[in-house]
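Pasting protein-v1.pdb here (PDB, C-alpha atoms, pLDDT in the B column):
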```
ATOM      1  CA  MET A   1     -48.707   6.225   9.604  1.00 76.00           C
ATOM      2  CA  PRO A   2     -45.105   4.959   9.269  1.00 76.00           C
ATOM      3  CA  GLU A   3     -44.542   1.353   8.235  1.00 76.00           C
ATOM      4  CA  ARG A   4     -44.138  -1.039  11.154  1.00 74.00           C
ATOM      5  CA  TYR A   5     -40.590  -2.172  11.945  1.00 71.00           C
ATOM      6  CA  ARG A   6     -39.959  -5.727  10.756  1.00 73.00           C
ATOM      7  CA  SER A   7     -37.099  -8.171  11.071  1.00 76.00           C
ATOM      8  CA  ILE A   8     -36.026 -11.086   8.914  1.00 81.00           C
ATOM      9  CA  ILE A   9     -35.672 -14.179  11.073  1.00 85.00           C
ATOM     10  CA  ASP A  10     -32.864 -16.587  10.240  1.00 88.00           C
ATOM     11  CA  VAL A  11     -32.404 -19.949  11.918  1.00 91.00           C
ATOM     12  CA  HIS A  12     -28.970 -21.546  12.214  1.00 90.00           C
ATOM     13  CA  VAL A  13     -28.283 -25.086  13.425  1.00 91.00           C
ATOM     14  CA  ILE A  14     -25.135 -25.984  15.351  1.00 90.00           C
ATOM     15  CA  LEU A  15     -24.310 -29.599  14.476  1.00 89.00           C
ATOM     16  CA  GLN A  16     -21.480 -30.722  16.712  1.00 85.00           C
ATOM     17  CA  ARG A  17     -19.693 -34.049  16.891  1.00 81.00           C
ATOM     18  CA  GLY A  18     -17.068 -34.162  19.615  1.00 81.00           C
ATOM     19  CA  HIS A  19     -15.032 -30.969  19.252  1.00 82.00           C
ATOM     20  CA  GLU A  20     -16.003 -30.415  15.617  1.00 84.00           C
ATOM     21  CA  ILE A  21     -18.816 -28.209  14.298  1.00 87.00           C
ATOM     22  CA  LEU A  22     -20.203 -28.652  10.794  1.00 89.00           C
ATOM     23  CA  LEU A  23     -19.709 -25.618   8.541  1.00 91.00           C
ATOM     24  CA  LEU A  24     -20.822 -25.305   4.924  1.00 91.00           C
ATOM     25  CA  GLU A  25     -19.213 -23.202   2.205  1.00 92.00           C
ATOM     26  CA  ARG A  26     -21.608 -20.736   0.591  1.00 86.00           C
ATOM     27  CA  GLU A  27     -21.702 -20.868  -3.191  1.00 86.00           C
ATOM     28  CA  ASN A  28     -23.868 -19.506  -5.991  1.00 86.00           C
ATOM     29  CA  THR A  29     -26.071 -17.476  -3.656  1.00 79.00           C
ATOM     30  CA  GLY A  30     -24.895 -13.978  -4.524  1.00 81.00           C
ATOM     31  CA  TYR A  31     -24.331 -13.262  -0.824  1.00 77.00           C
ATOM     32  CA  ALA A  32     -21.043 -14.045   0.964  1.00 78.00           C
ATOM     33  CA  ASP A  33     -20.112 -16.771  -1.537  1.00 84.00           C
ATOM     34  CA  GLY A  34     -16.960 -18.624  -0.474  1.00 88.00           C
ATOM     35  CA  MET A  35     -17.535 -17.998   3.231  1.00 91.00           C
ATOM     36  CA  LEU A  36     -18.185 -20.730   5.788  1.00 93.00           C
ATOM     37  CA  HIS A  37     -21.463 -20.829   7.718  1.00 90.00           C
ATOM     38  CA  LEU A  38     -23.712 -23.039   9.797  1.00 90.00           C
ATOM     39  CA  PRO A  39     -26.632 -24.778   8.088  1.00 91.00           C
ATOM     40  CA  SER A  40     -29.222 -22.008   8.038  1.00 90.00           C
ATOM     41  CA  GLY A  41     -32.068 -20.269   6.290  1.00 90.00           C
ATOM     42  CA  HIS A  42     -35.126 -18.065   6.678  1.00 89.00           C
ATOM     43  CA  LEU A  43     -38.290 -19.043   8.492  1.00 91.00           C
ATOM     44  CA  GLU A  44     -41.367 -19.624   6.376  1.00 91.00           C
ATOM     45  CA  GLU A  45     -44.372 -17.452   7.256  1.00 89.00           C
ATOM     46  CA  GLY A  46     -46.008 -18.775  10.438  1.00 91.00           C
ATOM     47  CA  GLU A  47     -43.378 -21.504  10.913  1.00 93.00           C
ATOM     48  CA  PRO A  48     -42.200 -22.187  14.481  1.00 93.00           C
ATOM     49  CA  ILE A  49     -38.477 -21.597  14.990  1.00 92.00           C
ATOM     50  CA  PRO A  50     -37.543 -25.217  15.907  1.00 93.00           C
ATOM     51  CA  ARG A  51     -39.452 -26.593  12.906  1.00 94.00           C
ATOM     52  CA  GLY A  52     -37.733 -24.121  10.573  1.00 94.00           C
ATOM     53  CA  ALA A  53     -34.299 -25.014  11.936  1.00 93.00           C
ATOM     54  CA  ALA A  54     -34.974 -28.747  11.541  1.00 94.00           C
ATOM     55  CA  ARG A  55     -36.249 -28.172   7.984  1.00 94.00           C
ATOM     56  CA  GLU A  56     -33.139 -26.184   7.035  1.00 93.00           C
ATOM     57  CA  ALA A  57     -30.839 -28.894   8.459  1.00 92.00           C
ATOM     58  CA  GLU A  58     -32.619 -31.498   6.369  1.00 92.00           C
ATOM     59  CA  GLU A  59     -32.642 -29.347   3.202  1.00 92.00           C
ATOM     60  CA  GLU A  60     -29.021 -28.217   3.420  1.00 90.00           C
ATOM     61  CA  VAL A  61     -27.265 -31.210   4.984  1.00 90.00           C
ATOM     62  CA  GLY A  62     -29.690 -34.117   4.708  1.00 90.00           C
ATOM     63  CA  VAL A  63     -29.877 -34.792   8.463  1.00 89.00           C
ATOM     64  CA  TYR A  64     -33.139 -35.317  10.303  1.00 90.00           C
ATOM     65  CA  ILE A  65     -33.562 -33.545  13.645  1.00 90.00           C
ATOM     66  CA  ASP A  66     -36.703 -33.752  15.729  1.00 91.00           C
ATOM     67  CA  PRO A  67     -37.710 -30.091  16.245  1.00 93.00           C
ATOM     68  CA  ALA A  68     -38.488 -30.924  19.894  1.00 91.00           C
ATOM     69  CA  ALA A  69     -34.813 -31.878  20.346  1.00 90.00           C
ATOM     70  CA  LEU A  70     -33.583 -28.367  19.495  1.00 91.00           C
ATOM     71  CA  SER A  71     -32.752 -25.818  22.150  1.00 89.00           C
ATOM     72  CA  LEU A  72     -31.879 -22.160  21.796  1.00 88.00           C
ATOM     73  CA  ALA A  73     -28.110 -21.581  22.006  1.00 86.00           C
ATOM     74  CA  ALA A  74     -27.887 -17.862  21.122  1.00 85.00           C
ATOM     75  CA  VAL A  75     -29.717 -14.930  19.567  1.00 86.00           C
ATOM     76  CA  VAL A  76     -27.928 -12.346  17.409  1.00 85.00           C
ATOM     77  CA  HIS A  77     -29.572  -9.148  16.190  1.00 83.00           C
ATOM     78  CA  ARG A  78     -28.008  -7.354  13.237  1.00 79.00           C
ATOM     79  CA  TYR A  79     -29.387  -4.064  12.038  1.00 77.00           C
ATOM     80  CA  GLN A  80     -28.315  -3.224   8.504  1.00 71.00           C
ATOM     81  CA  ARG A  81     -30.347  -0.502   6.817  1.00 69.00           C
ATOM     82  CA  PRO A  82     -32.959  -0.874   5.447  1.00 68.00           C
ATOM     83  CA  ARG A  83     -33.593  -4.144   7.260  1.00 69.00           C
ATOM     84  CA  SER A  84     -32.964  -5.971  10.480  1.00 71.00           C
ATOM     85  CA  ILE A  85     -31.970  -9.613  10.807  1.00 74.00           C
ATOM     86  CA  LEU A  86     -32.690 -11.625  13.937  1.00 74.00           C
ATOM     87  CA  ARG A  87     -30.621 -14.802  13.966  1.00 76.00           C
ATOM     88  CA  ARG A  88     -31.627 -17.702  16.194  1.00 75.00           C
ATOM     89  CA  LEU A  89     -28.946 -20.353  16.728  1.00 73.00           C
ATOM     90  CA  LEU A  90     -30.238 -23.726  17.852  1.00 68.00           C
ATOM     91  CA  SER A  91     -28.437 -26.852  18.926  1.00 79.00           C
ATOM     92  CA  PRO A  92     -29.814 -30.385  19.227  1.00 74.00           C
ATOM     93  CA  PHE A  93     -29.644 -31.806  22.755  1.00 65.00           C
ATOM     94  CA  ALA A  94     -30.451 -35.238  21.353  1.00 56.00           C
ATOM     95  CA  PRO A  95     -28.591 -37.133  18.634  1.00 58.00           C
ATOM     96  CA  PHE A  96     -29.356 -36.191  15.073  1.00 62.00           C
ATOM     97  CA  HIS A  97     -29.582 -38.773  12.331  1.00 63.00           C
ATOM     98  CA  PRO A  98     -26.993 -38.420   9.584  1.00 63.00           C
ATOM     99  CA  PRO A  99     -28.074 -39.086   6.017  1.00 63.00           C
ATOM    100  CA  LYS A 100     -27.995 -42.632   4.788  1.00 61.00           C
ATOM    101  CA  ALA A 101     -25.504 -43.419   2.061  1.00 56.00           C
ATOM    102  CA  PRO A 102     -27.174 -43.912  -1.306  1.00 55.00           C
ATOM    103  CA  VAL A 103     -27.587 -47.542  -2.278  1.00 51.00           C
ATOM    104  CA  PRO A 104     -25.904 -48.302  -5.622  1.00 57.00           C
ATOM    105  CA  ASP A 105     -28.189 -49.555  -8.398  1.00 55.00           C
TER
END
```
Translate the structure described by the file into structure tokens.
Amino acid sequence: MPERYRSIIDVHVILQRGHEILLLERENTGYADGMLHLPSGHLEEGEPIPRGAAREAEEEVGVYIDPAALSLAAVVHRYQRPRSILRRLLSPFAPFHPPKAPVPD
């Protein structure tokens, strides 16, 4: 029996303030270093998409987003042999909380 078709699921978070969208520069990843991208990452096994997107936003940017405040903005499917990537772009419809500035010692 042939192996079942599987996709990697990425989650991307669109953080917008006014007319600006936050982009990060990739570095030291070995993939597309130097390019700009949205805060993003792969889902953990069994993780719901909104929770994964909120986790990635917190890990990469330090902002807290309630997963319930995220809505689906777009889906992009990219087939690149030998794998397939399904990208889910989510956007908060409620304010997100920027990181607090560190308090000096």
Convert the output of the PyMOL selection byres ((chain A and resi 14-17) around 12) on the shown file into explicit residues, formatted as a ChimeraX atom specification.
-> /A:11-13,18-24,37-40,53-54,56-58,61,63-65,70-74,88-98
Limited to C-alpha atoms, could you put the picked residues into a file as a short mmCIF file (atom, residue, chain, number, x, y, z; two decimals), keeping the file's coordinate frame?
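Just written: selection29.cif:
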```cif
data_model
loop_
_atom_site.label_atom_id
_atom_site.label_comp_id
_atom_site.auth_asym_id
_atom_site.auth_seq_id
_atom_site.Cartn_x
_atom_site.Cartn_y
_atom_site.Cartn_z
CA VAL A 11 -32.40 -19.95 11.92
CA HIS A 12 -28.97 -21.55 12.21
CA VAL A 13 -28.28 -25.09 13.42
CA GLY A 18 -17.07 -34.16 19.61
CA HIS A 19 -15.03 -30.97 19.25
CA GLU A 20 -16.00 -30.42 15.62
CA ILE A 21 -18.82 -28.21 14.30
CA LEU A 22 -20.20 -28.65 10.79
CA LEU A 23 -19.71 -25.62 8.54
CA LEU A 24 -20.82 -25.30 4.92
CA HIS A 37 -21.46 -20.83 7.72
CA LEU A 38 -23.71 -23.04 9.80
CA PRO A 39 -26.63 -24.78 8.09
CA SER A 40 -29.22 -22.01 8.04
CA ALA A 53 -34.30 -25.01 11.94
CA ALA A 54 -34.97 -28.75 11.54
CA GLU A 56 -33.14 -26.18 7.04
CA ALA A 57 -30.84 -28.89 8.46
CA GLU A 58 -32.62 -31.50 6.37
CA VAL A 61 -27.26 -31.21 4.98
CA VAL A 63 -29.88 -34.79 8.46
CA TYR A 64 -33.14 -35.32 10.30
CA ILE A 65 -33.56 -33.54 13.64
CA LEU A 70 -33.58 -28.37 19.50
CA SER A 71 -32.75 -25.82 22.15
CA LEU A 72 -31.88 -22.16 21.80
CA ALA A 73 -28.11 -21.58 22.01
CA ALA A 74 -27.89 -17.86 21.12
CA ARG A 88 -31.63 -17.70 16.19
CA LEU A 89 -28.95 -20.35 16.73
CA LEU A 90 -30.24 -23.73 17.85
CA SER A 91 -28.44 -26.85 18.93
CA PRO A 92 -29.81 -30.38 19.23
CA PHE A 93 -29.64 -31.81 22.76
CA ALA A 94 -30.45 -35.24 21.35
CA PRO A 95 -28.59 -37.13 18.63
CA PHE A 96 -29.36 -36.19 15.07
CA HIS A 97 -29.58 -38.77 12.33
CA PRO A 98 -26.99 -38.42 9.58
#
```
For a quick check of understanding, using all atoms listed in the file, which of A:Glu3, A:Asp10, A:Glu59, A:Glu44 has the smallest distance to Ser84 of chain A?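 Closest to Ser84 of chain A of all the choices is A:Asp10.
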>> Rounded to one decimal, what separation in Å do you get between atom CA of Asp66 of chain A and atom CA of Arg51 of chain A?
In response: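 Answer for the atom CA of Asp66 of chain A to atom CA of Arg51 of chain A separation: 8.2 Å.
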- Query: Do you have the atom CA of Pro2 of chain A-atom CA of Gly46 of chain A distance handy?
  - Reply: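 Here the two named atoms are 23.8 Å from each other.
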As a check of understanding: the span from atom CA of Glu45 of chain A to atom CA of Glu25 of chain A is 26.3 Å
TODO: Would you be able to write out as a VMD selection string which residues have an atom within 10 Å of (-35.6, -13.1, 11.1) in the file's coordinates, counting all atoms listed in the file?
DONE: chain A and resid 6 to 11 41 to 44 49 76 to 78 83 to 88
